Every structure is written in structure tokens, then in C-alpha cells.
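K.L.:
For reference, the structure I am asking about is given below.
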Amino acid sequence: MRIAVIGGTGLIGTRLVTRLEADGHDVVVASRATGVNSYTGEGLAEALAGAETLVDVSNSDYLDEAAANEFFYGSTLNLLTYGAAAGVAHHVTLSVVGTDRLARTEGGYFAAKAAQERLVVQSGRPYSIVHATQFFEFIANIADAGTSRNLVRLSRALFQPMAADDVAAAVAATAVAPPLGRMVEFAGPERFQLEELVRRQLRLRNDLRDVVADPLARYFGTDLDERELLPGPDATIAPTRYEDWFAAGGRAYEPATAHPA
Ligand SMILES: NC(=O)c1ccc[n+]([C@@H]2O[C@H](COP(=O)([O-])OP(=O)(O)OC[C@H]3O[C@@H](n4cnc5c(N)ncnc54)[C@H](OP(=O)(O)O)[C@@H]3O)[C@@H](O)[C@H]2O)c1
């Protein structure tokens with residue numbers, strides 16, 4: 001199957017491309033680094049030519065709602081429009097568990113992700129939306145985003161993070177199946193408090209920053225209730241446990257800009 005992966009050079013994208021190619025698919029790696037810009041449309045028609053499936057695992061370079069919305073809206077509209085013209089039969093989007101709930105705080109990244117999802121749902125195109133929880137690789141970014149003057153302030157909200165490799169597996173399985181016409185959730189096997197797991201990871205990495213529980217701490221511009229990051233009861237549970245991922249040498253992912261999720 002010919003599959004175009006938008007954001008194919010990113011954290012999830014590289015893992016997804018490796019997995020799909022290993023399974024024998026004809027994969028087009030699309031990102032600005034390969035000459036494809038989903039926001040401007042540059043190189044998009046060529047990248048989508050002959051593709052049966054389009055998988056969007058791209059991300060915005062910016063955190064604030066206005067810039068993130070500008071990217072996700074413009075890019076997703078292009079992907080849907082060029083995709084329809086190219087005869088793409090399945091549009092797959094990766095998003096975040098709880099996006100609809102998290103989007104209610106104005107000014108946050110999640111409002112932009114929610115708008116992206118609405119656009120896909122209302123496009124009339126055959127689609128699947130994959131919701132994943134926070135990646136283990138992203139915990140360092142959560143720590144950095146909560147840091148001010150060497151102190152990390154985070155809420156005790158619960159979350160159920162998962163390994164990026166497991167996210168890629170979930171997206172790959174969704175991409176090669178028929179369009180679902182709905183959202184599906186994937187989550188890690190264990191539940192932690194944000195503050196607790198960030199503290200544990202910093203200690204394991206000999207990072208001396210103090211971590212304090214702050215019930216009013218915002219999460220990438222969003223107010224957080226205790227259970228808002230958790231998946232629903234029908235989520236598929238991924239296999240990799242945090243300790244095993246860490247013991248196997250899981251390293252923090254360090255993109256040029258911290259992306260929220
Ligand atoms: N972080 C988390 O814990 C988490 C949890 C659940 C879901 N998610 C979602 O997962 C998705 C992927 O996240 P990620 O961490 O894998 O992202 P990432 O590592 O930051 O990768 C982003 C990708 O998008 C590409 N890209 C950016 N602007 C582009 C443009 N204008 N045209 C084409 N490609 C462009 C980048 O390549 P170039 O720079 O070469 O263009 C890169 O390949 C996001 O939508 C995020 O919301 C994240």
C-alpha cells in the first residue's frame with residue numbers, strides 16, 4: 001500500500017515510517033526536510049500522487065493557540081483538499097487523549113488540535129483519528145514547560161503515558177485498516193501523577209531541579225483537572241511500562257522547540 005506520512009521525520013513519524021516500510025508498504029516521507037510543506041502546499045500534490053492513505057503526524061513549531069491554530073488549520077485543510085484531488089481513501093490524524101476537554105481553556109495548544117479534529121470530521125473524507133496519551137519521550141518537555149527559576153511546578157493530575165514506539169504501532173495499525181470514521185484511544189499500561197513521574201525521571205537522570213505539586217499549575221496553557229488527561233474505558237492499552245522503557249535506554253526527545261501534548 002502507498003502511504004504518505006506527513007511529519008515523517010518527527011518523533012513519531014520516523015518510527016512510523018520504519019514500521020510501515022518493514023511491513024512492505026511504499027512509504028512517502030513528507031516534511032519540510034524532504035521538500036513538502038503541508039502549510040504552504042509546496043510539494044504536496046507530488047507527495048500524495050498515488051497514495052491510498054495519508055497519515056498526518058506533523059506538529060506545530062509554536063505553542064500559543066493563534067500560531068498553532070494557523071498551522072493546524074491551514075495544513076489540515078491543504079491535506080484534505082490535496083488528498084481528495086489525489087484520490088486518497090483514508091486520512092489518519094494523530095492527536096491527544098482528552099483534546100476536546102483540554103480545548104476549553106482559551107489560548108492553549110489543545111484548542112488548535114480540537115479545531116484540526118473538527119475539520120477532519122466535518123470534511124466528508126474517510127478518516128480515522130488516533131488519540132494517544134503523552135509519550136514517555138515527552139516527559140522532559142513537560143518538566144521544562146513547568147520550570148521557572150529552576151523549580152518545576154506541576155499539578156497532581158493523573159496521566160497514563162506511553163512509549164513513542166507504541167504510538168507508532170497504534171498509528172500504523174490504524175493506517176493499514178479501513179477508515180473508522182471516528183476517534184480511537186491508546187494509552188500506556190500504568191497511571192501516574194504528573195508531578196510524581198516527572199520527579200522520578202529527573203532523579204533517574206541526575207537532574208537536580210526541585211519538583212513541587214501546584215494545584216493551579218497550567219499544562220501548556222491549559223487548566224488541568226485531576227482526570228482530564230486520562231483515556232476512557234475503551235482505550236487500547238499499549239504494552240511498554242515506563243521502567244522497562246527507561247531501563248532499555250529510552251532517551252528524552254529534544255526537538256528544537258518543545259511541542260505540547
Ligand atoms: N508529545 C506528546 O506526548 C503527544 C501525545 C499525543 C499526541 N501527540 C501528537 O503527535 C503528533 C506528532 O508529534 P511529534 O512529537 O512526533 O512531532 P515532532 O517530533 O515535533 O515532528 C513534527 C513533524 O512535523 C513536520 N512538520 C512541521 N511543520 C511542517 C510543515 N509545514 N509541513 C510538513 N511537515 C511539517 C516536521 O518536519 P519538518 O520540520 O522537516 O517540516 C516533523 O517531521 C502531534 O500532532 C502531537 O499533537 C503528541
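Chain labels run A, B, ... following the order of the C-alpha cells; each chain numbers its residues from 1, and ligands are numbered from 1 in the order shown.
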Give me, as a list of chain:residue names, all polymer residues having an atom no more than 12 Å from Ala177 in chain A, counting only C-alpha atoms and skipping those fewer than 4 positions away in the same chain.
P.N.:
A:Met1, A:Glu52, A:Thr53, A:Ala89, A:His90, A:His91, A:Val92, A:Pro126, A:Tyr127, A:Ser128, A:Ala170, A:Val171, A:Ala172, A:Ala173, A:Gly181
K.L.:
Please provide as a VMD selection string all residues within 8 Å of Val27 in chain A, with the sequence filter that same-chain residues fewer than 3 positions apart are discarded (counting only C-alpha atoms).
P.N.:
chain A and resid 2 to 5 17 20 to 21
K.L.:
List the spatial neighbours of range 154-162 of chain A as a PyMOL selection string - criterion: any atom at most 8 Å away, only C-alpha atoms, same-chain residues fewer than 5 positions off excluded.
P.N.:
chain A and resi 132-136+146+167+187-196+211-219+224-231+238+240-242
K.L.:
Throw together the list of residues within 6 Å of ligand 1, counting only C-alpha atoms and all ligand atoms, and drop it here as a PyMOL selection string.
P.N.:
chain A and resi 6-13+31-33+36-39+57-60+94-96+132-135+138+260-261
K.L.:
Output C-alpha atoms for every residue in the selection just made, as a short mmCIF file (atom, residue, chain, number, x, y, z; two decimals), in the first residue's frame.
P.N.:
```cif
data_model
loop_
_atom_site.label_atom_id
_atom_site.label_comp_id
_atom_site.auth_asym_id
_atom_site.auth_seq_id
_atom_site.Cartn_x
_atom_site.Cartn_y
_atom_site.Cartn_z
CA ILE A 6 3.17 13.94 6.76
CA GLY A 7 5.66 14.70 9.53
CA GLY A 8 7.55 11.54 8.61
CA THR A 9 10.80 12.96 10.00
CA GLY A 10 9.46 13.66 13.50
CA LEU A 11 9.49 11.69 16.75
CA ILE A 12 6.50 9.52 15.83
CA GLY A 13 6.96 9.91 12.08
CA SER A 31 8.07 17.08 5.73
CA ARG A 32 9.79 20.36 5.02
CA ALA A 33 13.09 18.47 5.27
CA VAL A 36 6.98 19.02 1.33
CA ASN A 37 5.26 21.83 3.22
CA SER A 38 1.72 20.96 4.25
CA TYR A 39 1.05 24.55 5.33
CA VAL A 57 1.79 13.08 12.36
CA SER A 58 3.06 16.63 11.82
CA ASN A 59 3.23 19.19 14.62
CA SER A 60 3.25 22.94 15.00
CA LEU A 94 -2.71 11.72 15.33
CA SER A 95 -3.98 13.76 18.25
CA VAL A 96 -4.04 13.74 22.04
CA ALA A 132 -2.59 8.87 22.17
CA THR A 133 -1.57 9.82 25.69
CA GLN A 134 1.65 11.68 26.48
CA PHE A 135 4.81 10.00 25.19
CA PHE A 138 7.88 13.92 26.15
CA PRO A 260 2.88 20.31 23.89
CA ALA A 261 0.62 17.35 24.23
#
```
K.L.:
Check range 176-213 of chain A with DSSP on the backbone and list each residue it calls alpha helix (DSSP H), as a VMD selection string.
P.N.:
chain A and resid 194 to 204
K.L.:
Would you output that residue set with C-alpha atoms, as an mmCIF file, in the first residue's frame?
P.N.:
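New file out.cif:
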```cif
data_model
loop_
_atom_site.group_PDB
_atom_site.id
_atom_site.type_symbol
_atom_site.label_atom_id
_atom_site.label_comp_id
_atom_site.auth_asym_id
_atom_site.auth_seq_id
_atom_site.Cartn_x
_atom_site.Cartn_y
_atom_site.Cartn_z
ATOM 1 C CA LEU A 194 2.327 14.265 36.538
ATOM 2 C CA GLU A 195 4.374 15.631 39.407
ATOM 3 C CA GLU A 196 5.350 12.143 40.628
ATOM 4 C CA LEU A 197 6.632 10.772 37.302
ATOM 5 C CA VAL A 198 8.447 13.974 36.358
ATOM 6 C CA ARG A 199 10.231 13.930 39.731
ATOM 7 C CA ARG A 200 11.139 10.261 39.266
ATOM 8 C CA GLN A 201 12.553 10.887 35.795
ATOM 9 C CA LEU A 202 14.571 13.923 36.874
ATOM 10 C CA ARG A 203 16.126 11.897 39.708
ATOM 11 C CA LEU A 204 16.921 8.987 37.365
#
```
K.L.:
Grab the CA of Ala67 in chain A to CA of Thr222 in chain A distance for me, in Å with one decimal place.
P.N.:
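Separation between CA of Ala67 in chain A and CA of Thr222 in chain A: 15.7 Å.
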K.L.:
Give me, as number ranges by chain, the residues of range 167-232 of chain A that a backbone DSSP run labels strand (DSSP E).
P.N.:
A: 183-187, 192-193, 210-213
K.L.:
With C-alpha atoms kept, could you save the residues just selected as a CSV table (one decimal), in the first residue's frame?
P.N.:
```csv
chain,number,residue,atom,x,y,z
A,183,MET,CA,-11.7,8.5,17.1
A,184,VAL,CA,-9.8,5.7,18.8
A,185,GLU,CA,-7.8,5.9,22.0
A,186,PHE,CA,-4.5,4.4,23.0
A,187,ALA,CA,-2.8,4.7,26.4
A,192,PHE,CA,0.9,8.2,37.4
A,193,GLN,CA,0.6,11.7,38.8
A,210,ASP,CA,13.1,20.5,42.6
A,211,VAL,CA,9.5,19.4,41.7
A,212,VAL,CA,6.6,20.8,43.7
A,213,ALA,CA,2.9,19.9,43.4
```
